[in-house]
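For reference, my_file_21.tsv is printed below; it contains TSV, C-alpha atoms.
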```tsv
chain	number	residue	atom	x	y	z
A	1	MET	CA	100.69	85.91	112.07
A	2	ASN	CA	102.89	87.91	114.44
A	3	PHE	CA	106.68	87.76	114.21
A	4	LYS	CA	109.42	88.62	116.67
A	5	SER	CA	111.93	89.34	113.92
A	6	GLY	CA	111.85	92.94	112.71
A	7	PHE	CA	112.43	91.86	109.11
A	8	LEU	CA	109.66	89.25	109.00
A	9	ASN	CA	107.25	91.55	110.83
A	10	GLU	CA	107.94	94.35	108.33
A	11	ILE	CA	107.53	92.31	105.16
A	12	ASN	CA	104.49	90.49	106.54
A	13	GLN	CA	102.65	93.75	107.29
A	14	ARG	CA	103.56	95.08	103.85
A	15	GLY	CA	102.21	92.01	102.03
A	16	PHE	CA	105.40	90.40	100.77
A	17	ILE	CA	104.87	86.87	102.12
A	18	TYR	CA	103.05	84.31	99.99
A	19	GLN	CA	104.67	80.89	100.63
A	20	TYR	CA	107.33	79.87	103.10
A	21	VAL	CA	109.41	77.03	104.52
A	22	ASP	CA	109.53	76.66	108.33
A	23	ILE	CA	108.92	80.36	108.92
A	24	GLU	CA	108.47	80.02	112.69
A	25	ASP	CA	111.94	78.50	112.99
A	26	LEU	CA	113.27	81.25	110.73
A	27	ASP	CA	111.62	83.86	112.96
A	28	ASN	CA	113.31	82.45	116.06
A	29	LEU	CA	116.66	82.37	114.26
A	30	MET	CA	116.38	85.94	112.94
A	31	TYR	CA	115.19	87.28	116.30
A	32	LYS	CA	118.39	86.10	117.98
A	33	ASN	CA	120.94	86.21	115.13
A	34	LYS	CA	121.91	88.03	111.98
A	35	ILE	CA	121.51	85.83	108.92
A	36	SER	CA	122.39	85.86	105.23
A	37	GLY	CA	119.70	85.62	102.54
A	38	TYR	CA	119.68	85.89	98.76
A	39	ILE	CA	117.60	86.47	95.67
A	40	GLY	CA	118.74	85.53	92.17
A	41	PHE	CA	118.36	87.76	89.12
A	42	ASP	CA	118.85	86.38	85.62
A	43	ILE	CA	120.40	88.87	83.25
A	44	THR	CA	118.26	88.64	80.12
A	45	SER	CA	118.39	92.39	79.38
A	46	ASP	CA	120.60	95.39	80.09
A	47	SER	CA	118.16	96.60	82.74
A	48	LEU	CA	115.80	95.17	85.31
A	49	HIS	CA	112.17	96.32	85.06
A	50	VAL	CA	109.52	97.03	87.68
A	51	GLY	CA	108.66	93.31	87.76
A	52	SER	CA	111.90	92.88	89.74
A	53	LEU	CA	111.09	95.71	92.15
A	54	ILE	CA	109.35	93.56	94.75
A	55	GLN	CA	112.46	91.34	94.98
A	56	LEU	CA	114.75	94.37	95.27
A	57	MET	CA	112.58	95.71	98.09
A	58	LEU	CA	112.84	92.36	99.91
A	59	LEU	CA	116.64	92.63	99.71
A	60	HIS	CA	116.37	96.21	100.97
A	61	TRP	CA	114.37	95.28	104.06
A	62	LEU	CA	116.67	92.35	104.85
A	63	ASP	CA	119.64	94.73	104.67
A	64	PHE	CA	117.74	97.45	106.58
A	65	TYR	CA	117.31	95.16	109.60
A	66	GLY	CA	121.01	94.39	109.75
A	67	HIS	CA	121.11	91.06	107.92
A	68	GLN	CA	123.26	90.31	104.89
A	69	SER	CA	121.53	90.63	101.54
A	70	ILE	CA	123.10	88.76	98.64
A	71	ALA	CA	122.09	89.88	95.16
A	72	LEU	CA	122.93	86.83	93.06
A	73	ILE	CA	123.54	87.72	89.43
A	74	GLY	CA	122.82	84.75	87.18
A	75	GLY	CA	125.75	85.05	84.82
A	76	GLY	CA	125.81	81.25	84.67
A	77	THR	CA	122.12	80.35	84.82
A	78	THR	CA	121.21	83.00	82.22
A	79	LEU	CA	123.25	80.95	79.74
A	80	ILE	CA	120.51	78.32	80.13
A	81	GLY	CA	117.31	80.27	80.82
A	82	ASP	CA	114.72	79.86	83.56
A	83	PRO	CA	111.58	78.01	82.35
A	84	SER	CA	109.55	79.24	85.35
A	85	GLY	CA	106.43	81.10	84.28
A	86	LYS	CA	107.35	80.90	80.61
A	87	ASP	CA	105.29	79.43	77.78
A	88	GLN	CA	108.31	78.86	75.57
A	89	THR	CA	112.07	78.56	75.71
A	90	ARG	CA	113.91	81.80	76.43
A	91	LYS	CA	116.27	83.24	73.85
A	92	ILE	CA	119.77	81.90	74.55
A	93	LEU	CA	122.22	84.76	75.11
A	94	SER	CA	125.97	84.65	74.54
A	95	LYS	CA	128.49	85.09	77.37
A	96	LYS	CA	129.48	88.45	75.85
A	97	GLU	CA	125.86	89.68	75.82
A	98	ILE	CA	125.34	88.57	79.42
A	99	ASP	CA	128.54	90.28	80.63
A	100	SER	CA	127.45	93.50	78.93
A	101	ASN	CA	124.04	93.26	80.62
A	102	ILE	CA	125.65	92.64	84.01
A	103	SER	CA	127.76	95.80	83.86
A	104	SER	CA	124.61	97.82	83.16
A	105	ILE	CA	122.45	96.19	85.84
A	106	GLU	CA	124.86	96.09	88.79
A	107	ARG	CA	124.42	99.82	89.40
A	108	ILE	CA	120.79	99.42	90.45
A	109	PHE	CA	121.53	97.19	93.43
A	110	SER	CA	123.40	99.94	95.29
A	111	ARG	CA	120.12	101.86	95.55
A	112	PHE	CA	118.56	99.05	97.57
A	113	ILE	CA	121.32	97.44	99.63
A	114	ASN	CA	124.40	98.80	101.41
A	115	LEU	CA	127.31	97.38	99.44
A	116	GLN	CA	129.78	99.38	101.54
A	117	ASN	CA	128.80	97.57	104.72
A	118	ASN	CA	127.62	93.98	104.77
A	119	SER	CA	125.60	93.13	101.67
A	120	ILE	CA	127.19	91.84	98.46
A	121	ILE	CA	126.68	91.10	94.77
A	122	ILE	CA	127.81	87.65	93.55
A	123	ASN	CA	127.82	86.13	90.06
A	124	ASN	CA	126.99	82.41	89.91
A	125	TYR	CA	129.11	82.06	86.77
A	126	ASP	CA	132.09	82.06	89.17
A	127	TRP	CA	131.24	78.55	90.39
A	128	LEU	CA	128.89	77.11	87.76
A	129	SER	CA	131.47	77.57	85.00
A	130	ASN	CA	133.88	75.29	86.87
A	131	LEU	CA	131.50	72.39	87.41
A	132	ASN	CA	132.40	69.00	86.01
A	133	TYR	CA	129.12	67.74	84.58
A	134	ILE	CA	129.67	64.07	85.39
A	135	ASP	CA	130.76	64.82	88.96
A	136	PHE	CA	127.82	67.20	89.33
A	137	LEU	CA	125.30	64.59	88.19
A	138	ARG	CA	126.80	61.91	90.43
A	139	GLU	CA	126.74	64.06	93.55
A	140	PHE	CA	123.63	66.19	93.07
A	141	GLY	CA	121.55	64.61	90.30
A	142	SER	CA	120.85	61.61	92.51
A	143	ARG	CA	119.54	63.84	95.32
A	144	ILE	CA	116.66	65.44	93.39
A	145	THR	CA	113.99	63.13	92.00
A	146	LEU	CA	112.31	63.54	88.63
A	147	ASN	CA	109.00	62.63	90.28
A	148	LYS	CA	109.16	65.68	92.51
A	149	MET	CA	110.33	68.06	89.79
A	150	LEU	CA	107.38	67.08	87.61
A	151	THR	CA	104.99	68.24	90.35
A	152	PHE	CA	106.37	71.79	90.34
A	153	GLU	CA	103.96	74.25	88.76
A	154	SER	CA	106.63	75.75	86.49
A	155	VAL	CA	107.13	72.33	84.87
A	156	LYS	CA	103.61	70.95	85.18
A	157	SER	CA	101.94	73.91	83.47
A	158	ARG	CA	104.26	73.64	80.45
A	159	LEU	CA	103.66	69.91	80.10
A	160	ASP	CA	99.90	70.25	80.61
A	161	ARG	CA	99.80	72.68	77.68
A	162	GLU	CA	101.94	70.26	75.65
A	163	GLN	CA	104.58	72.94	75.21
A	164	PRO	CA	108.19	71.75	74.88
A	165	LEU	CA	110.47	71.82	77.91
A	166	THR	CA	114.06	71.17	76.89
A	167	ILE	CA	116.66	69.21	78.84
A	168	LEU	CA	118.63	72.46	78.92
A	169	GLU	CA	115.80	74.22	80.81
A	170	PHE	CA	115.20	71.19	83.01
A	171	ASN	CA	118.80	71.46	84.19
A	172	TYR	CA	118.12	75.05	85.26
A	173	MET	CA	116.28	73.80	88.33
A	174	LEU	CA	119.23	71.67	89.33
A	175	LEU	CA	121.60	74.59	88.95
A	176	GLN	CA	119.43	76.96	90.99
A	177	ALA	CA	119.21	74.38	93.75
A	178	TYR	CA	123.00	74.10	93.55
A	179	ASP	CA	123.30	77.90	93.87
A	180	PHE	CA	121.50	77.80	97.23
A	181	PHE	CA	123.63	74.82	98.29
A	182	HIS	CA	126.84	76.67	97.30
A	183	LEU	CA	125.85	79.89	99.08
A	184	ASN	CA	124.87	77.93	102.18
A	185	LYS	CA	128.19	76.09	102.25
A	186	ASN	CA	130.45	79.03	101.41
A	187	HIS	CA	128.56	82.07	102.76
A	188	ASN	CA	126.41	80.51	105.47
A	189	CYS	CA	123.33	81.70	103.53
A	190	VAL	CA	120.20	80.17	105.06
A	191	LEU	CA	117.38	81.98	103.23
A	192	GLN	CA	116.35	82.13	99.59
A	193	MET	CA	113.59	84.50	98.50
A	194	GLY	CA	111.91	84.92	95.13
A	195	GLY	CA	108.64	85.25	93.26
A	196	SER	CA	105.93	82.62	93.57
A	197	ASP	CA	107.08	81.05	90.28
A	198	GLN	CA	110.36	80.14	92.04
A	199	TRP	CA	108.71	78.01	94.73
A	200	GLY	CA	109.73	74.66	93.26
A	201	ASN	CA	113.32	75.79	92.69
A	202	ILE	CA	113.57	77.05	96.28
A	203	LEU	CA	112.23	73.78	97.68
A	204	SER	CA	114.85	71.85	95.67
A	205	GLY	CA	117.61	73.98	97.18
A	206	VAL	CA	116.28	73.53	100.72
A	207	ASP	CA	116.13	69.77	100.14
A	208	LEU	CA	119.67	69.67	98.75
A	209	ILE	CA	121.08	71.57	101.75
A	210	ARG	CA	119.29	69.26	104.17
A	211	LYS	CA	120.54	66.10	102.46
A	212	ILE	CA	124.16	67.11	101.81
A	213	ASN	CA	125.09	69.96	104.14
A	214	LYS	CA	122.92	68.51	106.93
A	215	LYS	CA	121.74	72.04	107.76
A	216	GLU	CA	118.43	73.83	108.11
A	217	SER	CA	117.52	76.41	105.49
A	218	PHE	CA	114.45	78.45	104.63
A	219	GLY	CA	112.51	79.90	101.73
A	220	ILE	CA	110.03	82.72	101.21
A	221	THR	CA	108.14	83.61	98.04
A	222	SER	CA	106.30	86.83	97.30
A	223	PRO	CA	102.91	86.97	95.57
A	224	LEU	CA	102.59	87.59	91.86
A	225	VAL	CA	101.88	91.31	91.56
A	226	THR	CA	99.17	92.19	89.08
A	227	ASN	CA	97.07	95.29	88.57
A	228	SER	CA	93.57	95.33	90.05
A	229	ASP	CA	92.17	94.51	86.60
A	230	GLY	CA	94.28	91.34	86.48
A	231	SER	CA	96.76	92.64	83.90
A	232	LYS	CA	100.49	92.11	84.34
A	233	MET	CA	102.02	94.84	86.47
A	234	GLY	CA	104.82	96.81	84.85
A	235	LYS	CA	103.66	96.59	81.25
A	236	THR	CA	102.37	99.54	79.25
A	237	ALA	CA	101.35	100.06	75.64
A	238	ASP	CA	104.93	101.18	75.00
A	239	GLY	CA	106.48	98.06	76.61
A	240	ALA	CA	108.20	97.28	79.92
A	241	VAL	CA	108.79	99.96	82.56
A	242	TRP	CA	112.56	99.76	83.06
A	243	LEU	CA	114.54	100.72	86.15
A	244	ASN	CA	117.58	102.14	84.32
A	245	LYS	CA	117.07	105.71	83.13
A	246	GLU	CA	118.82	104.92	79.84
A	247	LYS	CA	115.76	102.83	78.97
A	248	ILE	CA	112.99	105.15	80.18
A	249	SER	CA	113.13	108.73	81.45
A	250	SER	CA	112.53	109.51	85.12
A	251	LEU	CA	109.50	111.57	84.11
A	252	ASP	CA	107.92	108.64	82.27
A	253	PHE	CA	108.86	106.34	85.15
A	254	PHE	CA	107.17	108.77	87.57
A	255	GLN	CA	104.13	109.00	85.31
A	256	PHE	CA	103.72	105.21	85.28
A	257	TRP	CA	103.23	105.22	89.06
A	258	ARG	CA	101.18	108.42	88.98
A	259	ASN	CA	98.71	106.73	86.61
A	260	VAL	CA	98.12	103.45	88.47
A	261	ASN	CA	94.54	102.40	89.13
A	262	ASP	CA	92.94	103.83	92.28
A	263	GLU	CA	92.44	100.31	93.65
A	264	ASP	CA	96.20	99.60	93.45
A	265	VAL	CA	97.52	102.67	95.28
A	266	SER	CA	97.40	101.34	98.84
A	267	ARG	CA	98.95	97.97	97.97
A	268	PHE	CA	101.73	99.57	95.93
A	269	LEU	CA	102.53	102.03	98.74
A	270	TYR	CA	103.10	99.07	101.08
A	271	LEU	CA	105.18	97.07	98.58
A	272	PHE	CA	107.21	99.67	96.72
A	273	THR	CA	107.93	102.52	99.17
A	274	LYS	CA	109.79	102.88	102.46
A	275	LEU	CA	107.09	105.08	103.99
A	276	PRO	CA	106.18	104.24	107.61
A	277	LEU	CA	103.22	101.88	107.91
A	278	ASP	CA	101.14	104.42	109.86
A	279	GLU	CA	101.58	107.00	107.12
A	280	ILE	CA	100.54	104.49	104.45
A	281	LYS	CA	97.41	103.63	106.46
A	282	LYS	CA	96.40	107.31	106.42
A	283	LEU	CA	97.07	107.65	102.69
A	284	SER	CA	95.06	104.49	102.06
A	285	LEU	CA	91.95	106.23	103.44
A	286	LEU	CA	91.98	108.87	100.69
A	287	LYS	CA	89.19	108.53	98.14
A	288	ASN	CA	87.91	110.15	94.95
A	289	GLN	CA	89.92	113.24	93.94
A	290	GLU	CA	92.06	113.12	97.08
A	291	ILE	CA	93.57	109.82	96.00
A	292	ASN	CA	95.54	111.74	93.37
A	293	GLU	CA	97.68	113.11	96.21
A	294	ALA	CA	98.42	109.54	97.32
A	295	LYS	CA	99.34	108.66	93.73
A	296	LYS	CA	101.77	111.56	93.57
A	297	ILE	CA	103.38	110.45	96.83
A	298	LEU	CA	103.62	106.88	95.50
A	299	ALA	CA	105.22	108.09	92.26
A	300	TYR	CA	107.65	110.37	94.10
A	301	GLU	CA	108.74	107.75	96.63
A	302	VAL	CA	109.30	104.97	94.08
A	303	THR	CA	111.16	107.32	91.73
A	304	LYS	CA	113.31	108.51	94.65
A	305	ILE	CA	114.30	104.92	95.49
A	306	VAL	CA	115.03	103.86	91.92
A	307	ARG	CA	116.36	107.08	90.36
A	308	GLY	CA	117.44	109.22	93.32
A	309	THR	CA	116.05	112.30	95.08
A	310	GLU	CA	117.06	114.81	92.40
A	311	ASP	CA	115.26	112.97	89.60
A	312	ALA	CA	112.21	112.43	91.80
A	313	LYS	CA	111.98	116.13	92.68
A	314	GLU	CA	112.34	117.15	89.05
A	315	ALA	CA	109.64	114.71	87.95
A	316	LEU	CA	107.32	115.87	90.72
A	317	GLU	CA	107.83	119.53	89.77
A	318	ILE	CA	106.97	118.83	86.14
A	319	ALA	CA	103.99	116.75	87.25
A	320	ASN	CA	102.67	119.57	89.40
A	321	ASN	CA	102.83	121.84	86.36
A	322	THR	CA	101.52	119.30	83.88
A	323	PHE	CA	99.42	116.50	85.28
A	324	ASN	CA	97.19	118.58	87.56
A	325	SER	CA	95.74	120.64	84.74
A	326	ASN	CA	97.37	119.12	81.64
A	327	ILE	CA	98.35	122.67	80.69
A	328	ILE	CA	101.75	124.36	80.45
A	329	ASP	CA	101.86	128.05	79.58
A	330	GLN	CA	104.67	128.91	77.19
A	331	ARG	CA	105.11	132.58	78.09
A	332	LEU	CA	107.43	134.34	75.63
A	333	PRO	CA	109.01	137.40	77.34
A	334	ASN	CA	108.97	140.84	75.73
A	335	ILE	CA	106.63	139.71	72.96
A	336	SER	CA	103.11	141.11	72.46
A	337	GLN	CA	101.68	141.84	69.01
A	338	ASN	CA	104.50	139.93	67.24
A	339	VAL	CA	103.70	136.57	68.84
A	340	LEU	CA	101.93	135.21	65.78
A	341	ASP	CA	104.74	136.28	63.48
A	342	ILE	CA	107.30	134.48	65.62
A	343	ILE	CA	105.24	131.31	65.64
A	344	ASN	CA	104.78	131.55	61.90
A	345	THR	CA	108.51	131.72	61.25
A	346	ASN	CA	110.35	130.08	64.15
A	347	PHE	CA	108.21	128.12	66.60
A	348	THR	CA	107.86	124.56	65.30
A	349	ILE	CA	106.10	121.53	66.72
A	350	LEU	CA	109.55	120.24	67.68
A	351	ASP	CA	110.10	123.35	69.82
A	352	ALA	CA	106.63	123.09	71.32
A	353	ILE	CA	106.84	119.42	72.38
A	354	GLU	CA	110.39	119.85	73.67
A	355	LYS	CA	109.43	122.85	75.83
A	356	LEU	CA	106.34	121.03	77.08
A	357	ASN	CA	108.61	118.19	78.25
A	358	LEU	CA	106.36	115.61	76.59
A	359	VAL	CA	109.17	113.71	74.81
A	360	ASN	CA	112.86	113.25	75.62
A	361	SER	CA	114.43	114.09	72.26
A	362	ARG	CA	113.68	115.79	68.95
A	363	SER	CA	114.53	112.61	67.05
A	364	GLU	CA	111.89	110.78	69.09
A	365	ILE	CA	109.37	113.52	68.23
A	366	LYS	CA	110.07	113.01	64.53
A	367	ARG	CA	109.64	109.26	64.90
A	368	LEU	CA	106.29	109.75	66.66
A	369	ILE	CA	105.07	112.07	63.91
A	370	LYS	CA	105.90	109.45	61.27
A	371	SER	CA	104.08	106.75	63.23
A	372	ASP	CA	100.91	108.86	63.76
A	373	GLY	CA	101.65	109.34	67.46
A	374	ILE	CA	101.07	113.10	67.70
A	375	LYS	CA	97.89	115.14	67.39
A	376	VAL	CA	97.43	118.91	67.27
A	377	ASN	CA	93.99	120.10	68.35
A	378	ASP	CA	92.85	116.45	68.24
A	379	LYS	CA	93.87	115.89	64.60
A	380	LEU	CA	96.85	113.80	63.46
A	381	TYR	CA	99.89	115.96	62.73
A	382	LYS	CA	101.54	114.88	59.44
A	383	LYS	CA	103.62	117.87	58.27
A	384	ASN	CA	107.20	117.14	57.18
A	385	ASN	CA	108.32	120.74	57.76
A	386	PHE	CA	107.14	120.64	61.43
A	387	SER	CA	105.34	123.96	60.97
A	388	LEU	CA	102.55	125.30	63.21
A	389	ASN	CA	101.59	128.04	60.74
A	390	GLU	CA	98.00	126.94	60.24
A	391	TYR	CA	97.33	127.45	63.99
A	392	SER	CA	98.73	130.99	64.06
A	393	GLY	CA	95.35	132.61	64.54
A	394	LEU	CA	94.61	130.70	67.74
A	395	LYS	CA	95.31	131.66	71.33
A	396	GLU	CA	95.75	128.04	72.42
A	397	ILE	CA	97.26	125.00	70.71
A	398	LYS	CA	96.59	121.57	72.19
A	399	ILE	CA	99.29	118.95	71.54
A	400	THR	CA	98.68	115.29	72.36
A	401	VAL	CA	101.46	112.68	72.42
A	402	GLY	CA	100.20	109.10	72.52
A	403	LYS	CA	97.06	108.61	74.58
A	404	LYS	CA	97.91	110.27	77.89
A	405	LYS	CA	100.45	113.09	77.40
A	406	VAL	CA	98.82	116.44	76.74
A	407	GLY	CA	100.21	119.96	76.67
A	408	ILE	CA	98.64	123.29	75.72
A	409	LEU	CA	100.51	126.29	74.38
A	410	LYS	CA	98.95	129.55	75.54
A	411	ILE	CA	100.16	132.42	73.43
A	412	ILE	CA	100.13	135.70	75.35
```
How does the structure come out when it is put into structure tokens?
Amino acid sequence: MNFKSGFLNEINQRGFIYQYVDIEDLDNLMYKNKISGYIGFDITSDSLHVGSLIQLMLLHWLDFYGHQSIALIGGGTTLIGDPSGKDQTRKILSKKEIDSNISSIERIFSRFINLQNNSIIINNYDWLSNLNYIDFLREFGSRITLNKMLTFESVKSRLDREQPLTILEFNYMLLQAYDFFHLNKNHNCVLQMGGSDQWGNILSGVDLIRKINKKESFGITSPLVTNSDGSKMGKTADGAVWLNKEKISSLDFFQFWRNVNDEDVSRFLYLFTKLPLDEIKKLSLLKNQEINEAKKILAYEVTKIVRGTEDAKEALEIANNTFNSNIIDQRLPNISQNVLDIINTNFTILDAIEKLNLVNSRSEIKRLIKSDGIKVNDKLYKKNNFSLNEYSGLKEIKITVGKKKVGILKII
């Protein structure tokens, strides 16, 4: 499908579009006018993770083409919890916990949308907290039928598996529909975007706007992003890959993208970088060993967007020294025949791992040693005094952290 609108043409070529409402009418509208569109983010943690990255990139491209991007923070809806895509009820957070999470998460949006110009961040607690429940049910509850809500996949799948769906969660769909209605009425917002699990909620909002505001509105969902092996994208053995650097270092964030499967590189370049389409097409042709260069570019570009240019350059520099050969030379100046003596008395495994940039902190190194997470020359390291004395006669010491981080000390 070809679009006249720069925004729709861009996201279509990059693979963002999965489902949509009246997209040809939306294309005509966006070709001639600037519009306002939004995506909602529930605040269940103090950081977003890479599962939210596709939605952040959609907001970026909407902003890039001169439209208004609204990042809707779910300070109100998070008090309830979205049942979409969930097998069980979410943990209910307190208002205090949610406010703390919001202050931590808001920083990330400025890396994707221009908050100094046209785009904005809004918290739906501002209007949901003032709703009178009886008035709300009278005006809006009668506009959305239970019959239709039961057909939505997010509800149907839970009921089919005979898993409980509380009245609290059921109300979430009403409130999200009301969010779109409110933004349409007060901010002239005509487009809601979200993941494919939000399709039913988006349709409810479109229907509410049509019935009450008597206006046309639109919806777009993005595909569920999984790895080529079908596993959930953004999960590792150590947990979620977070966007905030307080949760995961920029080097580990870079490494996540550097280690994606070969089959995923092209698709991720289209979805998660701002590289020109022609450049991505060329990178997508790389095969075998050459694809590692494309992976490095992917890792650098995503890290640059999320963490900034300085962090991306630093991670790339370390990667060039580490990941290409998995070897870092620790060259000790002005030392020759006394090298072994110095290692015997001063150079501990804490020093080694820290200088190899394999772990962020010495306390984390100690924790990994206790949990059998570190090997020296392929054997578990268990010493409480952190000594490397028994390896003093060797010219090389191989240190492995977890399954993928490897460094080698070369004593010269």
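Here CA of Asn320 (chain A) is placed at a distance of 20.3 Å from CA of Thr273 (chain A).
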Atom pair CA of Thr348 (chain A) + CA of Ser363 (chain A), distance 13.8 Å
Region 103-122 of chain A residues near region 181-200 of chain A within 12 Å, closest pair each, using all atoms listed in the file, as a tab-separated table:
```
residue	atom	partner	partner_atom	distance
A:Ser119	CA	A:His187	CA	11.5
A:Ile120	CA	A:His187	CA	10.8
A:Ile122	CA	A:Leu183	CA	9.7
```
field: Pick from A:Lys395, A:Lys404, A:Lys304, A:Lys32 nearest to Leu275 (chain A), counting all atoms listed in the file
entry: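 Counting all atoms listed in the file, the residue closest to Leu275 (chain A) is A:Lys304.
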Quick one: residues within 9 Å of Val206 (chain A), only C-alpha atoms counted, chain neighbours fewer than 2 positions away excluded, as a PDB file with C-alpha atoms, in the frame of the given file?
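New file around_32.pdb:
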```
ATOM      1  CA  VAL A  21     109.410  77.030 104.520  1.00  0.00           C
ATOM      2  CA  ALA A 177     119.210  74.380  93.750  1.00  0.00           C
ATOM      3  CA  PHE A 180     121.500  77.800  97.230  1.00  0.00           C
ATOM      4  CA  PHE A 181     123.630  74.820  98.290  1.00  0.00           C
ATOM      5  CA  VAL A 190     120.200  80.170 105.060  1.00  0.00           C
ATOM      6  CA  LEU A 191     117.380  81.980 103.230  1.00  0.00           C
ATOM      7  CA  GLN A 192     116.350  82.130  99.590  1.00  0.00           C
ATOM      8  CA  ASN A 201     113.320  75.790  92.690  1.00  0.00           C
ATOM      9  CA  ILE A 202     113.570  77.050  96.280  1.00  0.00           C
ATOM     10  CA  LEU A 203     112.230  73.780  97.680  1.00  0.00           C
ATOM     11  CA  SER A 204     114.850  71.850  95.670  1.00  0.00           C
ATOM     12  CA  LEU A 208     119.670  69.670  98.750  1.00  0.00           C
ATOM     13  CA  ILE A 209     121.080  71.570 101.750  1.00  0.00           C
ATOM     14  CA  ARG A 210     119.290  69.260 104.170  1.00  0.00           C
ATOM     15  CA  LYS A 211     120.540  66.100 102.460  1.00  0.00           C
ATOM     16  CA  GLU A 216     118.430  73.830 108.110  1.00  0.00           C
ATOM     17  CA  SER A 217     117.520  76.410 105.490  1.00  0.00           C
ATOM     18  CA  PHE A 218     114.450  78.450 104.630  1.00  0.00           C
ATOM     19  CA  GLY A 219     112.510  79.900 101.730  1.00  0.00           C
TER      20      GLY A 219
END
```
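Here the question is which of A:Ser266, A:Ser250, A:Asn213, A:Thr226 gets nearest to Ile280 (chain A) using only C-alpha atoms, and that residue is A:Ser266.
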Closest of A:Val306, A:Leu380, A:Leu350, A:Leu175 to Lys366 (chain A), counting all atoms listed in the file, is A:Leu350
Can you pull out the residues contacting region 51-57 of chain A? Cut-off 10 Å, using only C-alpha atoms, and skip same-chain residues under 4 positions away; I want them as a ChimeraX atom specification. /A:11,16,38-41,61-63,69,71,108-109,111-113,193-195,221-226,232-235,240-243,268,271-274,302,305-306
Which one of A:Ile374, A:Ile248, A:Leu356, A:Val406 sits closest to Val50 (chain A) if you count only C-alpha atoms?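 Answer, going by the shortest atom-to-atom distance: A:Ile248.
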*Nearest-residue call for Tyr125 (chain A), choices A:Lys287, A:Lys95, A:Arg267, A:Lys313, using only C-alpha atoms*: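 Between A:Lys287, A:Lys95, A:Arg267, A:Lys313, the residue approaching Tyr125 (chain A) most closely is A:Lys95.
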Requested in this report: Would you list the contacts of Lys375 (chain A) as an MDAnalysis selection string, taking every protein, DNA or RNA residue within 8 Å and counting only C-alpha atoms, but skipping same-chain residues closer than 4 positions in sequence?
Outcome: chainID A and resid 379:381 399:401
Between A:Leu285, A:Ile43, A:Leu368, A:Leu115, smallest distance to Ser94 (chain A) by only C-alpha atoms belongs to A:Ile43
List as a list of chain:residue names the protein and nucleic acid residues near region 148-150 of chain A, meaning an atom at most 9 Å away when only C-alpha atoms are counted, but skip any in the same chain fewer than 3 places from it.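 Contacts, with the query itself left out: A:Ile144, A:Thr145, A:Glu153, A:Ser154, A:Val155, A:Lys156, A:Leu159, A:Phe170, A:Met173, A:Gly200, A:Asn201, A:Ser204.
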Edge lengths and centre in Å, axis-aligned, region 37-47 of chain A plus 8 Å each side, as JSON:
```
{"center_x": 119.1, "center_y": 91.1, "center_z": 91.0, "size_x": 19.0, "size_y": 27.1, "size_z": 39.2}
```
What separates CA of Asp278 (chain A) and CA of Asn292 (chain A) is a distance of 18.9 Å
Exercise for review: Excluding Ile397 (chain A) and residues on its chain fewer than 2 positions from it, collect all residues at most 9 Å away from it, counting all atoms listed in the file, and give them as a list in words.
Suggested key: Val376, Asn377, Tyr391, Leu394, Lys395, Ile399, Gly407, Ile408, Leu409, Lys410 and Ile411 of chain A
Output requested as a short mmCIF file (atom, residue, chain, number, x, y, z; two decimals), in the coordinates of the input - region 72-81 of chain A, filled out with N, CA and C atoms.
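Final file, rebuild-v4.cif:
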```
data_model
loop_
_atom_site.label_atom_id
_atom_site.label_comp_id
_atom_site.auth_asym_id
_atom_site.auth_seq_id
_atom_site.Cartn_x
_atom_site.Cartn_y
_atom_site.Cartn_z
N LEU A 72 122.26 87.83 93.89
CA LEU A 72 122.93 86.83 93.06
C LEU A 72 122.64 87.10 91.60
N ILE A 73 123.67 87.48 90.86
CA ILE A 73 123.54 87.72 89.43
C ILE A 73 123.74 86.40 88.69
N GLY A 74 122.78 86.05 87.85
CA GLY A 74 122.82 84.75 87.18
C GLY A 74 123.62 84.75 85.90
N GLY A 75 124.91 85.09 86.01
CA GLY A 75 125.75 85.05 84.82
C GLY A 75 125.88 83.65 84.25
N GLY A 76 125.76 82.64 85.12
CA GLY A 76 125.81 81.25 84.67
C GLY A 76 124.47 80.71 84.26
N THR A 77 123.45 80.90 85.12
CA THR A 77 122.12 80.35 84.82
C THR A 77 121.44 81.05 83.63
N THR A 78 121.79 82.30 83.38
CA THR A 78 121.21 83.00 82.22
C THR A 78 121.65 82.35 80.92
N LEU A 79 122.80 81.67 80.93
CA LEU A 79 123.25 80.95 79.74
C LEU A 79 122.30 79.82 79.37
N ILE A 80 121.47 79.39 80.35
CA ILE A 80 120.51 78.32 80.13
C ILE A 80 119.10 78.88 79.95
N GLY A 81 118.64 79.69 80.91
CA GLY A 81 117.31 80.27 80.82
C GLY A 81 116.33 79.58 81.74
#
```
